[in-house]
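A.B. asks: Following this line is model.cif, made up of mmCIF, C-alpha atoms:
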```
data_final
loop_
_atom_site.label_atom_id
_atom_site.label_comp_id
_atom_site.auth_asym_id
_atom_site.auth_seq_id
_atom_site.Cartn_x
_atom_site.Cartn_y
_atom_site.Cartn_z
CA MET X 1294 0.72 5.94 -124.58
CA GLU X 1295 3.72 4.13 -126.02
CA ASP X 1296 4.61 7.20 -128.13
CA LYS X 1297 4.66 9.40 -125.02
CA VAL X 1298 6.93 6.95 -123.21
CA LEU X 1299 9.32 6.73 -126.19
CA THR X 1300 9.30 10.52 -126.59
CA GLY X 1301 10.08 10.90 -122.89
CA LEU X 1302 12.95 8.42 -123.18
CA THR X 1303 14.35 10.20 -126.24
CA GLN X 1304 14.24 13.58 -124.49
CA ALA X 1305 15.89 12.13 -121.38
CA ALA X 1306 18.64 10.57 -123.50
CA GLN X 1307 19.27 13.89 -125.26
CA THR X 1308 19.39 15.74 -121.96
CA ALA X 1309 21.83 13.20 -120.51
CA ALA X 1310 24.05 13.45 -123.60
CA ALA X 1311 24.07 17.27 -123.63
CA PRO X 1312 26.75 17.74 -120.94
CA ALA X 1313 29.09 15.42 -122.84
CA ARG X 1314 28.74 17.50 -126.01
CA ASN X 1315 29.30 20.74 -124.11
CA ALA X 1316 32.19 19.47 -121.98
CA ARG X 1317 35.63 21.05 -122.43
CA PRO X 1318 37.89 19.02 -124.67
CA GLN X 1319 40.65 17.18 -122.86
CA PRO X 1320 44.00 18.98 -123.08
CA THR X 1321 46.66 17.50 -125.32
CA TYR X 1322 49.43 18.36 -122.86
CA THR X 1323 50.31 17.20 -119.38
CA SER X 1324 50.45 19.35 -116.27
CA GLU X 1325 54.19 18.60 -116.17
CA ALA X 1326 54.69 20.00 -119.70
CA LEU X 1327 52.67 23.06 -118.76
CA LEU X 1328 54.71 23.52 -115.57
CA GLU X 1329 57.96 23.25 -117.53
CA ARG X 1330 56.84 25.93 -120.00
CA ILE X 1331 55.69 28.21 -117.19
CA LEU X 1332 59.05 27.88 -115.43
CA GLN X 1333 60.88 28.62 -118.70
CA SER X 1334 58.72 31.68 -119.37
CA LEU X 1335 59.35 33.06 -115.88
CA ASP X 1336 63.08 32.49 -116.29
CA ASP X 1337 63.09 34.10 -119.76
CA ASP X 1338 61.46 37.22 -118.31
CA LYS X 1339 63.93 37.45 -115.41
CA ALA X 1340 61.55 36.52 -112.60
CA GLU X 1341 63.43 35.92 -109.36
CA ASP X 1342 63.19 33.36 -106.56
CA ILE X 1343 61.05 30.95 -108.58
CA VAL X 1344 59.62 28.19 -106.39
CA GLN X 1345 57.51 25.29 -107.61
CA ILE X 1346 55.28 23.39 -105.21
CA ASP X 1347 53.80 19.98 -105.97
CA LEU X 1348 50.17 20.02 -104.85
CA ARG X 1349 49.23 16.56 -106.12
CA GLY X 1350 47.65 14.65 -103.27
CA LYS X 1351 47.60 17.79 -101.08
CA SER X 1352 44.96 19.90 -102.79
CA SER X 1353 42.39 19.66 -105.55
CA ILE X 1354 42.92 23.25 -106.74
CA ALA X 1355 45.80 22.35 -109.07
CA ASP X 1356 48.64 19.91 -109.63
CA TYR X 1357 51.33 22.54 -109.09
CA MET X 1358 51.77 26.03 -107.69
CA VAL X 1359 54.53 28.37 -108.78
CA VAL X 1360 55.58 31.45 -106.83
CA ALA X 1361 57.92 34.04 -108.35
CA THR X 1362 59.04 37.61 -107.79
CA GLY X 1363 59.30 40.60 -110.11
CA ARG X 1364 61.37 43.62 -109.12
CA SER X 1365 58.64 46.24 -109.75
CA THR X 1366 54.93 46.54 -110.48
CA ARG X 1367 55.78 47.04 -114.15
CA GLN X 1368 57.87 43.85 -114.28
CA VAL X 1369 55.25 41.83 -112.37
CA ALA X 1370 52.60 42.89 -114.91
CA ALA X 1371 54.90 42.24 -117.89
CA ILE X 1372 55.96 38.78 -116.66
CA SER X 1373 52.31 37.86 -116.16
CA GLU X 1374 51.11 39.19 -119.52
CA LYS X 1375 53.89 37.41 -121.42
CA LEU X 1376 53.18 34.13 -119.62
CA VAL X 1377 49.47 34.26 -120.47
CA GLU X 1378 50.27 35.12 -124.11
CA ARG X 1379 52.75 32.26 -124.43
CA LEU X 1380 50.35 29.72 -122.92
CA LYS X 1381 47.62 30.84 -125.30
CA THR X 1382 49.90 30.69 -128.34
CA GLU X 1383 51.67 27.42 -127.51
CA PHE X 1384 48.94 25.43 -125.74
CA GLY X 1385 45.74 27.17 -126.85
CA LEU X 1386 45.12 27.73 -123.15
CA ILE X 1387 43.01 30.64 -121.93
CA SER X 1388 44.23 31.44 -118.42
CA LYS X 1389 42.43 33.49 -115.79
CA MET X 1390 44.49 36.40 -114.50
CA GLU X 1391 43.77 38.65 -111.52
CA GLY X 1392 45.67 41.57 -110.04
CA LYS X 1393 47.52 42.73 -113.16
CA ASP X 1394 46.30 46.33 -112.92
CA ALA X 1395 47.72 46.81 -109.41
CA GLY X 1396 50.91 44.87 -110.19
CA ASP X 1397 51.63 43.92 -106.58
CA TRP X 1398 50.44 40.32 -106.78
CA VAL X 1399 49.21 38.68 -109.97
CA LEU X 1400 47.45 35.33 -109.88
CA ILE X 1401 47.37 33.25 -113.06
CA ASP X 1402 45.11 30.20 -112.99
CA THR X 1403 45.71 27.64 -115.73
CA ALA X 1404 43.65 24.97 -113.90
CA ASP X 1405 46.61 22.55 -113.72
CA VAL X 1406 49.16 25.10 -112.48
CA VAL X 1407 48.47 28.18 -110.37
CA VAL X 1408 51.09 30.92 -110.70
CA HIS X 1409 51.65 33.80 -108.26
CA VAL X 1410 53.92 36.67 -109.29
CA PHE X 1411 54.69 39.14 -106.48
CA ARG X 1412 56.61 42.30 -105.85
CA PRO X 1413 59.30 41.45 -103.25
CA GLU X 1414 57.65 43.28 -100.34
CA VAL X 1415 54.26 41.71 -100.99
CA ARG X 1416 55.73 38.22 -101.28
CA GLU X 1417 57.60 38.66 -98.01
CA PHE X 1418 54.42 39.87 -96.29
CA TYR X 1419 52.21 36.95 -97.37
CA GLN X 1420 54.87 34.20 -97.37
CA LEU X 1421 52.51 32.07 -99.44
CA GLU X 1422 54.90 29.19 -100.08
CA LYS X 1423 55.35 28.59 -96.34
CA MET X 1424 51.73 27.44 -96.25
CA TRP X 1425 52.65 24.43 -98.36
CA GLN X 1426 55.93 23.46 -96.70
CA PRO X 1427 55.90 20.34 -94.55
CA PRO X 1428 55.51 21.16 -90.86
CA ALA X 1429 58.69 21.44 -88.85
CA ASP X 1430 59.36 18.61 -86.44
CA ALA X 1431 57.74 19.21 -83.10
CA PRO X 1432 60.22 19.79 -80.27
CA ALA X 1433 60.90 16.74 -78.10
CA THR X 1434 59.20 16.82 -74.72
#
```
Could you show the structure in this file as structure tokens?
C.D. replies:
Amino acid sequence: MEDKVLTGLTQAAQTAAAPARNARPQPTYTSEALLERILQSLDDDKAEDIVQIDLRGKSSIADYMVVATGRSTRQVAAISEKLVERLKTEFGLISKMEGKDAGDWVLIDTADVVVHVFRPEVREFYQLEKMWQPPADAPAT
């Protein structure tokens, strides 16, 4: 009986420890350092109208959001590809990217920073950054 109880405890302890062994290692960089590199990469590749939005305390999706514009579908795709390559090389970070094939709106999710790269017309249509601006003062009654 005692052997079964000890075996059960050992198996439970191994099961409880398993998630810790399989957990992602903690990054060796801060979200601020990642943001700074993202902004530099966008600037290096001639992205336009770069806006950074601090999401800390407003949303749990990321610490920061960056919105930028490329002049054409080709430039939007190139800006996005280069950014993902740089983050992988410099931070060892594998980013999720969606929308690159269409080139109208590319989303890059680094977990700490979410980056949106738009063609000008698409950015104007969605006006994504307006969602995160503080509300305008209500008119006096």
A.B. asks: Name every residue that the PyMOL selection byres ((chain X and resi 1347) around 10) selects in this structure, writing the answer as number ranges by chain with chains first and numbers rising.
C.D. replies: X: 1345-1346, 1348-1352, 1355-1359, 1406, 1425
A.B. asks: When distances are computed from all atoms listed in the file, which of X:Ser1365, X:Ile1372, X:Asp1405, X:Asp1337 shows the smallest separation from X:Glu1325?
C.D. replies: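 Closest to X:Glu1325 of all the choices is X:Asp1405.
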A.B. asks: Evaluate the PyMOL selection byres ((chain X and resi 1415-1421) around 9) and record the selected residues as a PDB file with C-alpha atoms, in the frame of the given file, following the chain and residue labels used in the document.
C.D. replies:
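So out_34.pdb came out as:
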```pdb
ATOM      1  CA  VAL X1360      55.580  31.450-106.830  1.00  0.00           C
ATOM      2  CA  ALA X1361      57.920  34.040-108.350  1.00  0.00           C
ATOM      3  CA  THR X1362      59.040  37.610-107.790  1.00  0.00           C
ATOM      4  CA  ASP X1397      51.630  43.920-106.580  1.00  0.00           C
ATOM      5  CA  TRP X1398      50.440  40.320-106.780  1.00  0.00           C
ATOM      6  CA  VAL X1410      53.920  36.670-109.290  1.00  0.00           C
ATOM      7  CA  PHE X1411      54.690  39.140-106.480  1.00  0.00           C
ATOM      8  CA  ARG X1412      56.610  42.300-105.850  1.00  0.00           C
ATOM      9  CA  PRO X1413      59.300  41.450-103.250  1.00  0.00           C
ATOM     10  CA  GLU X1414      57.650  43.280-100.340  1.00  0.00           C
ATOM     11  CA  GLU X1422      54.900  29.190-100.080  1.00  0.00           C
ATOM     12  CA  LYS X1423      55.350  28.590 -96.340  1.00  0.00           C
ATOM     13  CA  MET X1424      51.730  27.440 -96.250  1.00  0.00           C
ATOM     14  CA  TRP X1425      52.650  24.430 -98.360  1.00  0.00           C
TER      15      TRP X1425
END
```
A.B. asks: Which is closer to X:Leu1327 than all the others in X:Ser1388, X:Gln1426, X:Gly1363, X:Val1399, using all atoms listed in the file?
C.D. replies: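 For X:Leu1327, the nearest of the candidates is X:Ser1388.
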A.B. asks: Determine the residue set returned by the PyMOL selection byres ((chain X and resi 1335) around 12) for the present structure, and present it as a tab-separated table (two decimals) with C-alpha atoms, in the frame of the given file.
C.D. replies:
```
chain	number	residue	atom	x	y	z
X	1328	LEU	CA	54.71	23.52	-115.57
X	1329	GLU	CA	57.96	23.25	-117.53
X	1330	ARG	CA	56.84	25.93	-120.00
X	1331	ILE	CA	55.69	28.21	-117.19
X	1332	LEU	CA	59.05	27.88	-115.43
X	1333	GLN	CA	60.88	28.62	-118.70
X	1334	SER	CA	58.72	31.68	-119.37
X	1336	ASP	CA	63.08	32.49	-116.29
X	1337	ASP	CA	63.09	34.10	-119.76
X	1338	ASP	CA	61.46	37.22	-118.31
X	1339	LYS	CA	63.93	37.45	-115.41
X	1340	ALA	CA	61.55	36.52	-112.60
X	1341	GLU	CA	63.43	35.92	-109.36
X	1342	ASP	CA	63.19	33.36	-106.56
X	1343	ILE	CA	61.05	30.95	-108.58
X	1344	VAL	CA	59.62	28.19	-106.39
X	1345	GLN	CA	57.51	25.29	-107.61
X	1359	VAL	CA	54.53	28.37	-108.78
X	1360	VAL	CA	55.58	31.45	-106.83
X	1361	ALA	CA	57.92	34.04	-108.35
X	1362	THR	CA	59.04	37.61	-107.79
X	1363	GLY	CA	59.30	40.60	-110.11
X	1368	GLN	CA	57.87	43.85	-114.28
X	1369	VAL	CA	55.25	41.83	-112.37
X	1370	ALA	CA	52.60	42.89	-114.91
X	1371	ALA	CA	54.90	42.24	-117.89
X	1372	ILE	CA	55.96	38.78	-116.66
X	1373	SER	CA	52.31	37.86	-116.16
X	1374	GLU	CA	51.11	39.19	-119.52
X	1375	LYS	CA	53.89	37.41	-121.42
X	1376	LEU	CA	53.18	34.13	-119.62
X	1377	VAL	CA	49.47	34.26	-120.47
X	1379	ARG	CA	52.75	32.26	-124.43
X	1380	LEU	CA	50.35	29.72	-122.92
X	1408	VAL	CA	51.09	30.92	-110.70
X	1409	HIS	CA	51.65	33.80	-108.26
X	1410	VAL	CA	53.92	36.67	-109.29
```
A.B. asks: Please indicate the distance in Å from atom CA of X:Ser1353 to atom CA of X:Thr1382, rounded to one decimal place.
C.D. replies: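 Computing it gives 26.4 Å between the two atoms.
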A.B. asks: Considering all atoms listed in the file, state which residue in the set X:Ile1354, X:Arg1367, X:Thr1321, X:Pro1427 is at the smallest distance from X:Asp1394.
C.D. replies: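 Distance minimum relative to X:Asp1394 lands on X:Arg1367.
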